[in-house]
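First comes the structure, then the notes that go with it.
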Amino acid sequence: MTISYDFSNKVVSITGAASGFGRLAANKFSAAGARVVLSDIDEAALRAVADELDAGADRLLAVTCDVSNDADVASMFNKAAERFGGVDIAVNNAGIIHDLVRISDISEETFDRNIAVNLKGTFLCMRHELRLMAAKGSGKIINMASASGLIGSPFLSVYAAAKHGVVGLTRSAAVEYGRKGIQVNALCPAFSSTPMLEAVVEERGEKVLDGIVGAIPMQRLAEPEEIVNAILWLSSDENSFMNGAAMSVDGGLVAG
């Protein structure tokens, strides 16, 4: 059974929209009638996604943005406010991963960049989103965390630390802004068939994929659509009371 949503009266911001979950979410929200604000650091890939959508300037804004740079983030949300009057739903999806290495072998540069994109980037976006939403008295924020934000992740320690931070930001914001009509939730998926996983497999070989799948009780990866369907539900009117949750979509990984 396919659930259909109507986002025709919503403005949806999606960071990291040029690939993976962000790209699929952009297509699904646009198909459901939303006006979409798409951003990514990869200008060419972002333009390709914008070209995929059957949407004119009245329903689409694509902005090149490095979420770790507040000037970029501020410019993006200022443009969203000018074009569409604000943002109703925000999917903070932009993120990076690092090589699979022990903590003692991770460079300071790798640590700084992962925290800057995965945690600081979410924080910077949330600051602008919360201001815009508080002025309207409503809104939904979905922060893309990870199963690694709920459990230890050997050899992905800095990524896990950043995603734990995203969960902390999510829970804190939910308490601060719930009275202002804003719901803030985190989505915590396990690995899925996305370019991020492909990069890990290319670096470490198919054996690492066997290990990832073997750790998941359902013995398979998530399909990207399964994760994006959860984003759509969290963004919809059907989700009227969940706030401050870290929602696992991981085939039972965290439960185990």
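Following the order of the structure tokens, chains are lettered A, B, ..., residues in each are numbered from 1, and ligands are numbered from 1.
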- Message: For the structure I just gave you, how does DSSP split region 127-230 of chain A - specifically, which residues are strand (DSSP E or B)? Reply as a ChimeraX atom specification.
- Response: /A:139-144,182-189,192,222
Can you write just those residues out, C-alpha atoms, as a PDB file, in the first residue's frame?
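In the end it all went to part_19.pdb:
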ATOM      1  CA  GLY A 139       6.849  24.079  11.971  1.00  0.00           C
ATOM      2  CA  LYS A 140       8.488  20.671  11.804  1.00  0.00           C
ATOM      3  CA  ILE A 141      12.216  19.979  11.825  1.00  0.00           C
ATOM      4  CA  ILE A 142      13.620  16.564  10.942  1.00  0.00           C
ATOM      5  CA  ASN A 143      17.298  16.158  11.748  1.00  0.00           C
ATOM      6  CA  MET A 144      19.003  13.286   9.990  1.00  0.00           C
ATOM      7  CA  ILE A 182       7.344  23.492  16.584  1.00  0.00           C
ATOM      8  CA  GLN A 183       8.102  19.757  16.512  1.00  0.00           C
ATOM      9  CA  VAL A 184      11.752  18.716  16.324  1.00  0.00           C
ATOM     10  CA  ASN A 185      12.588  15.054  15.766  1.00  0.00           C
ATOM     11  CA  ALA A 186      15.629  13.076  14.676  1.00  0.00           C
ATOM     12  CA  LEU A 187      15.628  10.173  12.251  1.00  0.00           C
ATOM     13  CA  CYS A 188      18.230   7.501  12.938  1.00  0.00           C
ATOM     14  CA  PRO A 189      18.673   5.137   9.978  1.00  0.00           C
ATOM     15  CA  SER A 192      21.255   2.214   3.171  1.00  0.00           C
ATOM     16  CA  ALA A 222      17.524  -0.266   4.158  1.00  0.00           C
TER      17      ALA A 222
END
Give me, as number ranges by chain, all polymer residues having an atom no more than 7 Å from Ala62 (chain A), counting only C-alpha atoms and skipping those fewer than 4 positions away in the same chain.
A: 37-39, 50
Write out the residues from the selection above, keeping N, CA and C atoms, as a tab-separated table (two decimals), in the first residue's frame.
chain	number	residue	atom	x	y	z
A	37	VAL	N	12.94	24.18	-1.09
A	37	VAL	CA	14.19	24.93	-1.03
A	37	VAL	C	15.29	23.89	-0.91
A	38	LEU	N	16.03	23.70	-1.98
A	38	LEU	CA	17.06	22.66	-2.04
A	38	LEU	C	18.43	23.28	-1.92
A	39	SER	N	19.29	22.66	-1.13
A	39	SER	CA	20.65	23.17	-1.00
A	39	SER	C	21.64	22.02	-0.95
A	50	ALA	N	17.59	19.80	-9.45
A	50	ALA	CA	16.59	20.83	-9.74
A	50	ALA	C	15.98	20.61	-11.12
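Near Asp237 (chain A), within a cut-off of 10 Å and counting only C-alpha atoms, sit the residues Tyr5, Asp6, Phe7, Lys140, Leu232, Trp233, Leu234, Ser235, Asn239, Ser240 and Phe241 of chain A, with same-chain residues fewer than 2 positions away left out.
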Taking 6 positions as the minimum chain separation for residues in the same chain, which residues sit within 9 Å of Thr122 (chain A) when counting only C-alpha atoms? Answer as a PDB file with C-alpha atoms, in the first residue's frame.
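Saved as result-v6.pdb:
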ATOM      1  CA  VAL A  67      26.102  24.168   5.917  1.00  0.00           C
ATOM      2  CA  SER A  68      29.215  24.605   8.057  1.00  0.00           C
ATOM      3  CA  ASN A  92      18.546  18.797   7.869  1.00  0.00           C
ATOM      4  CA  ASN A  93      20.115  16.038   5.831  1.00  0.00           C
ATOM      5  CA  ALA A  94      23.564  17.317   4.791  1.00  0.00           C
ATOM      6  CA  GLY A  95      26.310  15.120   6.161  1.00  0.00           C
ATOM      7  CA  ALA A 116      31.625  21.143  11.361  1.00  0.00           C
ATOM      8  CA  ASN A 143      17.298  16.158  11.748  1.00  0.00           C
ATOM      9  CA  MET A 144      19.003  13.286   9.990  1.00  0.00           C
ATOM     10  CA  VAL A 166      22.518  15.930  16.621  1.00  0.00           C
ATOM     11  CA  LEU A 169      20.305  19.224  19.810  1.00  0.00           C
TER      12      LEU A 169
END
Quiz prompt | Contacts of region 154-160 of chain A at 7 Å (only C-alpha atoms; same-chain gap of 6+ positions) as a list in words | solution =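 Result of the neighbour search: Ile97, His98, Leu100, Val101, Arg102, Ile103, Phe111, Asn114 and Ser148 of chain A.
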Practice task
Could you please write out, as number ranges by chain, every residue of region 48-81 of chain A that DSSP assigns to helix (DSSP H, G or I)?
Solution key: A: 48-52, 70-81
With C-alpha atoms retained, export the selected residues as a compact mmCIF listing (two decimals), in the first residue's frame.
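The result, stored in again-v9.txt:
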# COMPACT_ATOMS: atom_id res chain seq x y z
CA ALA A 48 20.88 18.28 -11.92
CA VAL A 49 18.36 17.52 -9.15
CA ALA A 50 16.59 20.83 -9.74
CA ASP A 51 16.32 19.95 -13.42
CA GLU A 52 14.69 16.61 -12.50
CA ASP A 70 26.86 30.50 8.65
CA ALA A 71 27.03 33.15 5.92
CA ASP A 72 25.96 30.51 3.38
CA VAL A 73 23.21 29.22 5.68
CA ALA A 74 21.91 32.72 6.43
CA SER A 75 21.86 33.58 2.73
CA MET A 76 19.90 30.42 1.92
CA PHE A 77 17.20 31.06 4.51
CA ASN A 78 17.01 34.76 3.64
CA LYS A 79 16.33 33.74 0.04
CA ALA A 80 13.72 31.23 1.22
CA ALA A 81 12.00 33.94 3.24
Residues near Ile96 (chain A), cut-off 12 Å, only C-alpha atoms, skip fewer than 6 positions along chain, as a ChimeraX atom specification
/A:16,19-20,40-41,66-68,110-119,121,144-146,156,158-160,162-163,194-197,199-200
